[in-house]
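File shown here: entry-v2.cif, holding mmCIF, C-alpha atoms.
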data_my_file
#
loop_
_atom_site.group_PDB
_atom_site.id
_atom_site.type_symbol
_atom_site.label_atom_id
_atom_site.label_comp_id
_atom_site.auth_asym_id
_atom_site.auth_seq_id
_atom_site.Cartn_x
_atom_site.Cartn_y
_atom_site.Cartn_z
ATOM 1 C CA MET Y 1 -2.191 81.449 -6.830
ATOM 2 C CA ASP Y 2 -3.158 82.238 -3.231
ATOM 3 C CA ALA Y 3 -6.691 80.960 -3.817
ATOM 4 C CA LYS Y 4 -5.305 77.529 -4.649
ATOM 5 C CA LEU Y 5 -3.183 77.256 -1.515
ATOM 6 C CA PRO Y 6 -4.518 75.276 1.465
ATOM 7 C CA HIS Y 7 -6.258 77.432 4.027
ATOM 8 C CA ARG Y 8 -7.488 76.838 7.538
ATOM 9 C CA PRO Y 9 -11.173 75.833 7.721
ATOM 10 C CA LYS Y 10 -13.328 78.689 8.936
ATOM 11 C CA SER Y 11 -16.517 76.785 9.683
ATOM 12 C CA PHE Y 12 -17.713 73.400 10.874
ATOM 13 C CA THR Y 13 -18.816 72.543 7.350
ATOM 14 C CA GLU Y 14 -15.362 73.249 5.935
ATOM 15 C CA SER Y 15 -13.735 71.196 8.725
ATOM 16 C CA LEU Y 16 -16.074 68.318 8.010
ATOM 17 C CA ASN Y 17 -15.319 68.568 4.312
ATOM 18 C CA CYS Y 18 -11.567 68.417 5.023
ATOM 19 C CA ALA Y 19 -12.062 65.316 7.164
ATOM 20 C CA VAL Y 20 -14.043 63.607 4.401
ATOM 21 C CA GLU Y 21 -11.372 64.540 1.875
ATOM 22 C CA GLY Y 22 -8.793 62.957 4.168
ATOM 23 C CA ILE Y 23 -10.756 59.711 4.300
ATOM 24 C CA ILE Y 24 -11.158 59.695 0.516
ATOM 25 C CA HIS Y 25 -7.443 60.383 0.005
ATOM 26 C CA ALA Y 26 -6.458 57.546 2.338
ATOM 27 C CA PHE Y 27 -8.863 55.146 0.624
ATOM 28 C CA ARG Y 28 -7.674 56.185 -2.825
ATOM 29 C CA THR Y 29 -3.932 56.062 -2.185
ATOM 30 C CA GLN Y 30 -3.468 53.365 0.478
ATOM 31 C CA ARG Y 31 -4.002 49.782 -0.643
ATOM 32 C CA HIS Y 32 -4.098 48.333 2.880
ATOM 33 C CA ILE Y 33 -6.827 50.777 3.908
ATOM 34 C CA ARG Y 34 -8.934 49.635 0.956
ATOM 35 C CA TYR Y 35 -8.497 46.017 2.040
ATOM 36 C CA HIS Y 36 -9.467 46.905 5.607
ATOM 37 C CA TYR Y 37 -12.604 48.709 4.442
ATOM 38 C CA ILE Y 38 -13.651 45.673 2.405
ATOM 39 C CA ILE Y 39 -13.001 43.309 5.330
ATOM 40 C CA ALA Y 40 -14.891 45.655 7.668
ATOM 41 C CA VAL Y 41 -17.950 45.641 5.410
ATOM 42 C CA VAL Y 42 -17.876 41.835 5.186
ATOM 43 C CA VAL Y 43 -17.477 41.383 8.955
ATOM 44 C CA LEU Y 44 -20.285 43.783 9.788
ATOM 45 C CA ALA Y 45 -22.546 42.168 7.177
ATOM 46 C CA VAL Y 46 -21.893 38.744 8.720
ATOM 47 C CA GLY Y 47 -22.703 40.213 12.134
ATOM 48 C CA LEU Y 48 -26.045 41.422 10.839
ATOM 49 C CA LEU Y 49 -26.807 38.074 9.196
ATOM 50 C CA LEU Y 50 -26.063 36.282 12.471
ATOM 51 C CA ARG Y 51 -28.417 38.708 14.252
ATOM 52 C CA MET Y 52 -25.869 39.493 16.906
ATOM 53 C CA PRO Y 53 -26.987 41.211 20.105
ATOM 54 C CA LEU Y 54 -26.384 44.946 20.218
ATOM 55 C CA THR Y 55 -23.433 44.525 22.595
ATOM 56 C CA ASP Y 56 -21.537 42.143 20.307
ATOM 57 C CA PHE Y 57 -22.257 44.196 17.212
ATOM 58 C CA THR Y 58 -21.116 47.366 18.990
ATOM 59 C CA LEU Y 59 -17.821 45.655 19.859
ATOM 60 C CA LEU Y 60 -17.319 44.793 16.190
ATOM 61 C CA VAL Y 61 -18.027 48.365 15.104
ATOM 62 C CA PHE Y 62 -15.662 49.682 17.777
ATOM 63 C CA ALA Y 63 -12.921 47.303 16.636
ATOM 64 C CA VAL Y 64 -13.351 48.340 13.003
ATOM 65 C CA VAL Y 65 -13.175 52.039 13.911
ATOM 66 C CA ILE Y 66 -9.974 51.503 15.918
ATOM 67 C CA LEU Y 67 -8.249 49.650 13.083
ATOM 68 C CA LEU Y 68 -9.240 52.123 10.362
ATOM 69 C CA SER Y 69 -8.265 55.071 12.572
ATOM 70 C CA ALA Y 70 -4.863 53.513 13.255
ATOM 71 C CA GLU Y 71 -4.294 53.003 9.526
ATOM 72 C CA MET Y 72 -5.162 56.631 8.756
ATOM 73 C CA PHE Y 73 -2.924 57.905 11.577
ATOM 74 C CA ASN Y 74 -0.137 55.799 10.099
ATOM 75 C CA THR Y 75 -0.710 57.351 6.680
ATOM 76 C CA ALA Y 76 -0.749 60.859 8.143
ATOM 77 C CA ILE Y 77 2.531 60.278 10.010
ATOM 78 C CA GLU Y 78 4.209 58.874 6.896
ATOM 79 C CA GLU Y 79 3.087 61.889 4.837
ATOM 80 C CA ALA Y 80 4.371 64.318 7.481
ATOM 81 C CA VAL Y 81 7.720 62.521 7.827
ATOM 82 C CA ASP Y 82 8.209 62.486 4.047
ATOM 83 C CA LEU Y 83 7.470 66.210 3.945
ATOM 84 C CA ILE Y 84 9.992 67.050 6.657
ATOM 85 C CA GLU Y 85 12.705 64.562 5.734
ATOM 86 C CA GLU Y 86 12.860 63.579 2.064
ATOM 87 C CA LYS Y 87 16.152 61.697 2.444
ATOM 88 C CA HIS Y 88 16.443 58.337 4.162
ATOM 89 C CA HIS Y 89 17.108 59.007 7.836
ATOM 90 C CA ILE Y 90 17.162 56.611 10.769
ATOM 91 C CA ARG Y 91 14.785 58.779 12.793
ATOM 92 C CA ALA Y 92 12.340 58.970 9.898
ATOM 93 C CA LYS Y 93 12.493 55.177 9.633
ATOM 94 C CA THR Y 94 11.924 54.815 13.365
ATOM 95 C CA SER Y 95 8.908 57.113 13.232
ATOM 96 C CA LYS Y 96 7.374 55.112 10.398
ATOM 97 C CA ASP Y 97 8.179 51.803 12.091
ATOM 98 C CA VAL Y 98 6.516 52.899 15.328
ATOM 99 C CA SER Y 99 3.377 54.064 13.510
ATOM 100 C CA ALA Y 100 3.277 50.792 11.589
ATOM 101 C CA GLY Y 101 3.693 48.954 14.882
ATOM 102 C CA ALA Y 102 0.667 50.813 16.228
ATOM 103 C CA VAL Y 103 -1.358 49.531 13.273
ATOM 104 C CA LEU Y 104 -0.114 45.991 13.901
ATOM 105 C CA THR Y 105 -1.045 46.245 17.580
ATOM 106 C CA ALA Y 106 -4.508 47.547 16.719
ATOM 107 C CA GLY Y 107 -4.951 44.833 14.104
ATOM 108 C CA THR Y 108 -3.979 42.098 16.554
ATOM 109 C CA GLY Y 109 -6.479 43.434 19.086
ATOM 110 C CA VAL Y 110 -9.190 43.570 16.433
ATOM 111 C CA VAL Y 111 -8.542 39.964 15.400
ATOM 112 C CA LEU Y 112 -8.736 38.779 18.994
ATOM 113 C CA MET Y 113 -11.908 40.775 19.634
ATOM 114 C CA GLY Y 114 -13.495 39.426 16.459
ATOM 115 C CA TYR Y 115 -12.546 35.896 17.447
ATOM 116 C CA VAL Y 116 -14.097 36.275 20.901
ATOM 117 C CA VAL Y 117 -17.299 37.696 19.407
ATOM 118 C CA PHE Y 118 -17.705 35.168 16.581
ATOM 119 C CA VAL Y 119 -16.530 32.007 18.320
ATOM 120 C CA ARG Y 120 -19.829 31.082 19.958
ATOM 121 C CA TYR Y 121 -21.772 31.698 16.748
ATOM 122 C CA LEU Y 122 -19.473 29.389 14.808
ATOM 123 C CA TYR Y 123 -18.779 26.507 17.162
ATOM 124 C CA ARG Y 124 -22.259 25.755 18.467
ATOM 125 C CA PRO Y 125 -23.822 25.160 15.029
ATOM 126 C CA ALA Y 126 -20.694 23.318 13.907
ATOM 127 C CA GLU Y 127 -20.802 21.031 16.928
ATOM 128 C CA GLU Y 128 -24.383 20.058 16.199
ATOM 129 C CA GLY Y 129 -23.782 19.586 12.490
ATOM 130 C CA LEU Y 130 -20.589 17.580 12.822
ATOM 131 C CA LYS Y 131 -21.880 15.008 15.282
ATOM 132 C CA SER Y 132 -22.826 12.835 12.313
ATOM 133 C CA VAL Y 133 -19.326 13.027 10.843
ATOM 134 C CA GLY Y 134 -17.795 11.053 13.688
ATOM 135 C CA GLU Y 135 -14.801 8.878 12.877
ATOM 136 C CA PHE Y 136 -14.887 9.871 9.203
ATOM 137 C CA ALA Y 137 -13.659 13.397 10.052
ATOM 138 C CA PRO Y 138 -9.921 12.659 9.463
ATOM 139 C CA HIS Y 139 -10.765 11.192 6.054
ATOM 140 C CA LEU Y 140 -12.700 14.348 5.233
ATOM 141 C CA ALA Y 141 -9.565 16.344 6.035
ATOM 142 C CA VAL Y 142 -7.623 14.397 3.401
ATOM 143 C CA ILE Y 143 -10.481 14.676 0.894
ATOM 144 C CA SER Y 144 -10.714 18.409 1.529
ATOM 145 C CA LEU Y 145 -6.976 18.824 1.063
ATOM 146 C CA MET Y 146 -7.132 16.998 -2.268
ATOM 147 C CA GLY Y 147 -10.107 19.111 -3.308
ATOM 148 C CA VAL Y 148 -8.201 22.290 -2.488
ATOM 149 C CA LEU Y 149 -5.142 21.124 -4.436
ATOM 150 C CA ILE Y 150 -7.250 20.269 -7.485
ATOM 151 C CA GLY Y 151 -9.076 23.587 -7.242
ATOM 152 C CA VAL Y 152 -5.832 25.575 -6.989
ATOM 153 C CA MET Y 153 -4.293 23.736 -9.942
ATOM 154 C CA ALA Y 154 -7.415 24.383 -12.018
ATOM 155 C CA ILE Y 155 -7.414 28.092 -11.181
ATOM 156 C CA LYS Y 156 -3.706 28.404 -12.015
ATOM 157 C CA ALA Y 157 -4.186 26.543 -15.282
ATOM 158 C CA TYR Y 158 -7.125 28.759 -16.202
ATOM 159 C CA GLY Y 159 -5.238 31.926 -15.258
ATOM 160 C CA GLY Y 160 -2.185 30.943 -17.270
ATOM 161 C CA ARG Y 161 0.213 32.418 -14.736
ATOM 162 C CA GLY Y 162 2.840 30.851 -12.538
ATOM 163 C CA ARG Y 163 3.718 27.203 -12.068
ATOM 164 C CA PRO Y 164 1.809 24.553 -10.089
ATOM 165 C CA LEU Y 165 3.950 25.122 -6.986
ATOM 166 C CA LEU Y 166 5.168 28.677 -7.546
ATOM 167 C CA GLY Y 167 3.356 31.927 -8.298
ATOM 168 C CA GLY Y 168 0.074 32.307 -10.118
ATOM 169 C CA ILE Y 169 -3.174 34.136 -9.470
ATOM 170 C CA ILE Y 170 -3.784 32.187 -6.268
ATOM 171 C CA SER Y 171 -1.458 31.032 -3.494
ATOM 172 C CA GLY Y 172 -1.471 27.253 -3.203
ATOM 173 C CA HIS Y 173 0.598 27.228 -0.007
ATOM 174 C CA THR Y 174 -1.854 29.580 1.676
ATOM 175 C CA ALA Y 175 -4.824 27.558 0.431
ATOM 176 C CA ILE Y 176 -3.383 24.376 1.935
ATOM 177 C CA ALA Y 177 -2.544 26.112 5.231
ATOM 178 C CA PHE Y 178 -6.063 27.492 5.638
ATOM 179 C CA SER Y 179 -7.602 24.189 4.560
ATOM 180 C CA LEU Y 180 -5.711 22.457 7.365
ATOM 181 C CA TRP Y 181 -6.775 25.199 9.783
ATOM 182 C CA MET Y 182 -10.432 24.679 8.877
ATOM 183 C CA SER Y 183 -10.133 20.888 9.205
ATOM 184 C CA VAL Y 184 -8.476 21.159 12.621
ATOM 185 C CA THR Y 185 -11.170 23.608 13.702
ATOM 186 C CA LEU Y 186 -14.035 21.364 12.604
ATOM 187 C CA ILE Y 187 -12.492 18.153 13.950
ATOM 188 C CA THR Y 188 -11.424 19.406 17.377
ATOM 189 C CA LEU Y 189 -14.072 22.127 17.921
ATOM 190 C CA ASN Y 190 -11.548 23.586 20.344
ATOM 191 C CA PRO Y 191 -11.188 27.384 20.108
ATOM 192 C CA PHE Y 192 -7.665 27.394 21.538
ATOM 193 C CA VAL Y 193 -6.360 24.725 19.158
ATOM 194 C CA SER Y 194 -8.102 26.490 16.274
ATOM 195 C CA LEU Y 195 -6.457 29.788 17.167
ATOM 196 C CA LEU Y 196 -2.979 28.219 17.303
ATOM 197 C CA THR Y 197 -3.532 26.593 13.911
ATOM 198 C CA LEU Y 198 -4.771 29.889 12.497
ATOM 199 C CA VAL Y 199 -1.568 31.582 13.670
ATOM 200 C CA MET Y 200 0.453 28.969 11.767
ATOM 201 C CA ALA Y 201 -1.649 29.528 8.639
ATOM 202 C CA VAL Y 202 -1.129 33.285 8.906
ATOM 203 C CA LEU Y 203 2.631 32.710 9.199
ATOM 204 C CA VAL Y 204 2.519 30.803 5.906
ATOM 205 C CA TRP Y 205 0.646 33.789 4.422
ATOM 206 C CA HIS Y 206 3.332 36.127 5.740
ATOM 207 C CA THR Y 207 6.260 34.132 4.349
ATOM 208 C CA ARG Y 208 4.707 34.041 0.861
ATOM 209 C CA LEU Y 209 4.089 37.791 1.015
ATOM 210 C CA LYS Y 210 7.588 38.690 2.263
ATOM 211 C CA SER Y 211 9.241 36.460 -0.336
ATOM 212 C CA GLY Y 212 7.438 38.385 -3.080
ATOM 213 C CA VAL Y 213 5.928 35.267 -4.636
ATOM 214 C CA HIS Y 214 2.323 36.475 -4.246
ATOM 215 C CA THR Y 215 0.431 39.702 -3.775
ATOM 216 C CA THR Y 216 -2.001 40.285 -0.913
ATOM 217 C CA GLY Y 217 -4.936 39.683 -3.262
ATOM 218 C CA GLU Y 218 -3.533 36.334 -4.415
ATOM 219 C CA LEU Y 219 -2.954 35.304 -0.799
ATOM 220 C CA LEU Y 220 -6.492 36.316 0.128
ATOM 221 C CA MET Y 221 -7.853 34.211 -2.739
ATOM 222 C CA GLY Y 222 -5.821 31.250 -1.500
ATOM 223 C CA ALA Y 223 -7.045 31.628 2.082
ATOM 224 C CA LEU Y 224 -10.691 31.920 1.028
ATOM 225 C CA ALA Y 225 -10.401 28.986 -1.374
ATOM 226 C CA GLY Y 226 -8.711 26.711 1.162
ATOM 227 C CA ALA Y 227 -11.072 27.458 4.041
ATOM 228 C CA GLY Y 228 -14.158 27.698 1.813
ATOM 229 C CA ILE Y 229 -13.687 24.418 -0.049
ATOM 230 C CA THR Y 230 -12.913 22.558 3.179
ATOM 231 C CA LEU Y 231 -15.960 23.986 4.960
ATOM 232 C CA ALA Y 232 -18.150 23.145 1.958
ATOM 233 C CA ILE Y 233 -16.990 19.507 1.917
ATOM 234 C CA TYR Y 234 -17.596 19.019 5.646
ATOM 235 C CA SER Y 235 -20.991 20.733 5.409
ATOM 236 C CA LEU Y 236 -22.025 18.643 2.397
ATOM 237 C CA TYR Y 237 -21.090 15.413 4.168
ATOM 238 C CA SER Y 238 -23.051 16.461 7.249
ATOM 239 C CA LEU Y 239 -26.130 17.116 5.119
ATOM 240 C CA VAL Y 240 -26.074 13.850 3.161
ATOM 241 C CA ARG Y 241 -25.067 11.714 6.148
#
I'd like the structure from this file rewritten - as structure tokens, please.
Amino acid sequence: MDAKLPHRPKSFTESLNCAVEGIIHAFRTQRHIRYHYIIAVVVLAVGLLLRMPLTDFTLLVFAVVILLSAEMFNTAIEEAVDLIEEKHHIRAKTSKDVSAGAVLTAGTGVVLMGYVVFVRYLYRPAEEGLKSVGEFAPHLAVISLMGVLIGVMAIKAYGGRGRPLLGGIISGHTAIAFSLWMSVTLITLNPFVSLLTLVMAVLVWHTRLKSGVHTTGELLMGALAGAGITLAIYSLYSLVR
């Protein structure tokens, strides 16, 4: 029995093994950490594809490390609080809320840092490519919105879940919100306006999540579909123009 009990690491190798086990446990048991790992891999891969300078890429890596570390600290605090206080207690709730707030603060900083790093790689090519769009840009916004709506309806019909305006394997509200964000971004080419519109789109995401209508995965599908279809339509028009 004693051999199966946890014991204090006696060497660097054992300490390292415990740390790796902690990472694996967090990844295996915490859904949000899994999402953050996936997003981190995608962001870093995009950074490599854009051939970012070492300074910008280092900032991205640093931001990813901060966010993942904050998530794991949050998990550790929740586990410790649950061990000490199994019953619902206001102080236990406060401890968990503060640790969750730390994750939210870190996540907000990461988003802002990522925006600052990526903005010049996104807007300069877009500005050159969208010069040919000209006055037709508002019409492309409407066309993109219709394309997103048709795509969402098709996916919901194929999935056989939910109704056209409620539920399903993809969030239509989120798809529309992120489609509008992408259109505003491409039409104005103004980072500040784009950021404000993105905040509004994220608020739509949040309301659908808190209401329990969609899961995080369904919301992510909606965001990617809305922004992706809109970007594809604008890009296609720029190429054939």
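Atom pair atom CA of Y:Ile169 / atom CA of Y:Trp181 has a distance of 21.5 Å (rounded to one decimal).
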Applied to this file, what does the PyMOL selection byres ((chain Y and resi 146) around 12) return in terms of residues, put as a short mmCIF file (atom, residue, chain, number, x, y, z; two decimals) with C-alpha atoms, in the frame of the given file?
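Result file follows (out-v4.cif):
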data_model
loop_
_atom_site.label_atom_id
_atom_site.label_comp_id
_atom_site.auth_asym_id
_atom_site.auth_seq_id
_atom_site.Cartn_x
_atom_site.Cartn_y
_atom_site.Cartn_z
CA HIS Y 139 -10.76 11.19 6.05
CA LEU Y 140 -12.70 14.35 5.23
CA ALA Y 141 -9.56 16.34 6.04
CA VAL Y 142 -7.62 14.40 3.40
CA ILE Y 143 -10.48 14.68 0.89
CA SER Y 144 -10.71 18.41 1.53
CA LEU Y 145 -6.98 18.82 1.06
CA GLY Y 147 -10.11 19.11 -3.31
CA VAL Y 148 -8.20 22.29 -2.49
CA LEU Y 149 -5.14 21.12 -4.44
CA ILE Y 150 -7.25 20.27 -7.48
CA GLY Y 151 -9.08 23.59 -7.24
CA VAL Y 152 -5.83 25.58 -6.99
CA MET Y 153 -4.29 23.74 -9.94
CA GLY Y 172 -1.47 27.25 -3.20
CA ALA Y 175 -4.82 27.56 0.43
CA ILE Y 176 -3.38 24.38 1.94
CA SER Y 179 -7.60 24.19 4.56
CA LEU Y 180 -5.71 22.46 7.36
CA GLY Y 226 -8.71 26.71 1.16
CA ILE Y 229 -13.69 24.42 -0.05
CA THR Y 230 -12.91 22.56 3.18
CA ILE Y 233 -16.99 19.51 1.92
#
Pick out the residues sitting within 10 Å of Y:Thr75, and hand them over as an mmCIF file with C-alpha atoms, in the coordinates of the input; count only C-alpha atoms, and ignore anything fewer than 2 positions along from it in its own chain.
data_model
loop_
_atom_site.group_PDB
_atom_site.id
_atom_site.type_symbol
_atom_site.label_atom_id
_atom_site.label_comp_id
_atom_site.auth_asym_id
_atom_site.auth_seq_id
_atom_site.Cartn_x
_atom_site.Cartn_y
_atom_site.Cartn_z
ATOM 1 C CA HIS Y 25 -7.443 60.383 0.005
ATOM 2 C CA ALA Y 26 -6.458 57.546 2.338
ATOM 3 C CA THR Y 29 -3.932 56.062 -2.185
ATOM 4 C CA GLN Y 30 -3.468 53.365 0.478
ATOM 5 C CA ILE Y 33 -6.827 50.777 3.908
ATOM 6 C CA SER Y 69 -8.265 55.071 12.572
ATOM 7 C CA ALA Y 70 -4.863 53.513 13.255
ATOM 8 C CA GLU Y 71 -4.294 53.003 9.526
ATOM 9 C CA MET Y 72 -5.162 56.631 8.756
ATOM 10 C CA PHE Y 73 -2.924 57.905 11.577
ATOM 11 C CA ILE Y 77 2.531 60.278 10.010
ATOM 12 C CA GLU Y 78 4.209 58.874 6.896
ATOM 13 C CA GLU Y 79 3.087 61.889 4.837
ATOM 14 C CA ALA Y 80 4.371 64.318 7.481
ATOM 15 C CA VAL Y 81 7.720 62.521 7.827
ATOM 16 C CA LYS Y 96 7.374 55.112 10.398
ATOM 17 C CA SER Y 99 3.377 54.064 13.510
ATOM 18 C CA ALA Y 100 3.277 50.792 11.589
#
**Request:** One decimal, Å: what's the distance from atom CA of Y:Tyr37 over to atom CA of Y:Val64, could you say?
**Result:** 8.6 Å
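For Y:Thr216, the set of protein, DNA and RNA residues having any atom at most 12 Å away, when counting only C-alpha atoms and skipping those fewer than 5 positions along the same chain, is Arg31, His32, Arg34, Tyr35, His36, Ile169, Ile170, Ser171, Thr174, Trp205, His206, Thr207, Arg208, Leu209, Lys210, Ser211, Met221, Gly222 and Ala223 of chain Y.
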Go ahead and dump the residues you just picked, C-alpha atoms, as a compact mmCIF listing (two decimals), in the frame of the given file.
# COMPACT_ATOMS: atom_id res chain seq x y z
CA ARG Y 31 -4.00 49.78 -0.64
CA HIS Y 32 -4.10 48.33 2.88
CA ARG Y 34 -8.93 49.64 0.96
CA TYR Y 35 -8.50 46.02 2.04
CA HIS Y 36 -9.47 46.90 5.61
CA ILE Y 169 -3.17 34.14 -9.47
CA ILE Y 170 -3.78 32.19 -6.27
CA SER Y 171 -1.46 31.03 -3.49
CA THR Y 174 -1.85 29.58 1.68
CA TRP Y 205 0.65 33.79 4.42
CA HIS Y 206 3.33 36.13 5.74
CA THR Y 207 6.26 34.13 4.35
CA ARG Y 208 4.71 34.04 0.86
CA LEU Y 209 4.09 37.79 1.01
CA LYS Y 210 7.59 38.69 2.26
CA SER Y 211 9.24 36.46 -0.34
CA MET Y 221 -7.85 34.21 -2.74
CA GLY Y 222 -5.82 31.25 -1.50
CA ALA Y 223 -7.04 31.63 2.08
**Request:** Would you mind telling me which residue in Y:Glu14, Y:Phe57, Y:Ser95, Y:Thr185 lies nearest to Y:Asp82 when using only C-alpha atoms?
**Result:** Y:Ser95
**Request:** Have a look at Y:Ala76, Y:Ser235, Y:Ala106, Y:Leu83 and name the one nearest to Y:Ile23; count only C-alpha atoms.
**Result:** Y:Ala76
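Between atom CA of Y:Ser11 and atom CA of Y:Phe62 the separation is 28.3 Å.
Near stretch 111-114 of chain Y, within 8 Å and counting only C-alpha atoms, sit Leu59, Leu60 and Ala63 of chain Y, not including residues fewer than 5 positions from it in the same chain.
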Write a file of the selected residues as a PDB file, in the coordinates of the input, keeping C-alpha atoms.
ATOM      1  CA  LEU Y  59     -17.821  45.655  19.859  1.00  0.00           C
ATOM      2  CA  LEU Y  60     -17.319  44.793  16.190  1.00  0.00           C
ATOM      3  CA  ALA Y  63     -12.921  47.303  16.636  1.00  0.00           C
TER       4      ALA Y  63
END
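Ranking Y:Leu67, Y:Val193, Y:Ala177, Y:Leu203 by their shortest atom-to-atom distance to Y:Leu104, with all atoms listed in the file included, puts Y:Leu67 first.
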Would you give the centre and edge lengths, in Å to one decimal, of a box along x, y and z around the listed atoms of stretch 101-120 of chain Y, with 5 Å added to each side, as AutoDock Vina command-line options?
--center_x -8.1 --center_y 40.9 --center_z 17.1 --size_x 33.5 --size_y 29.7 --size_z 17.6
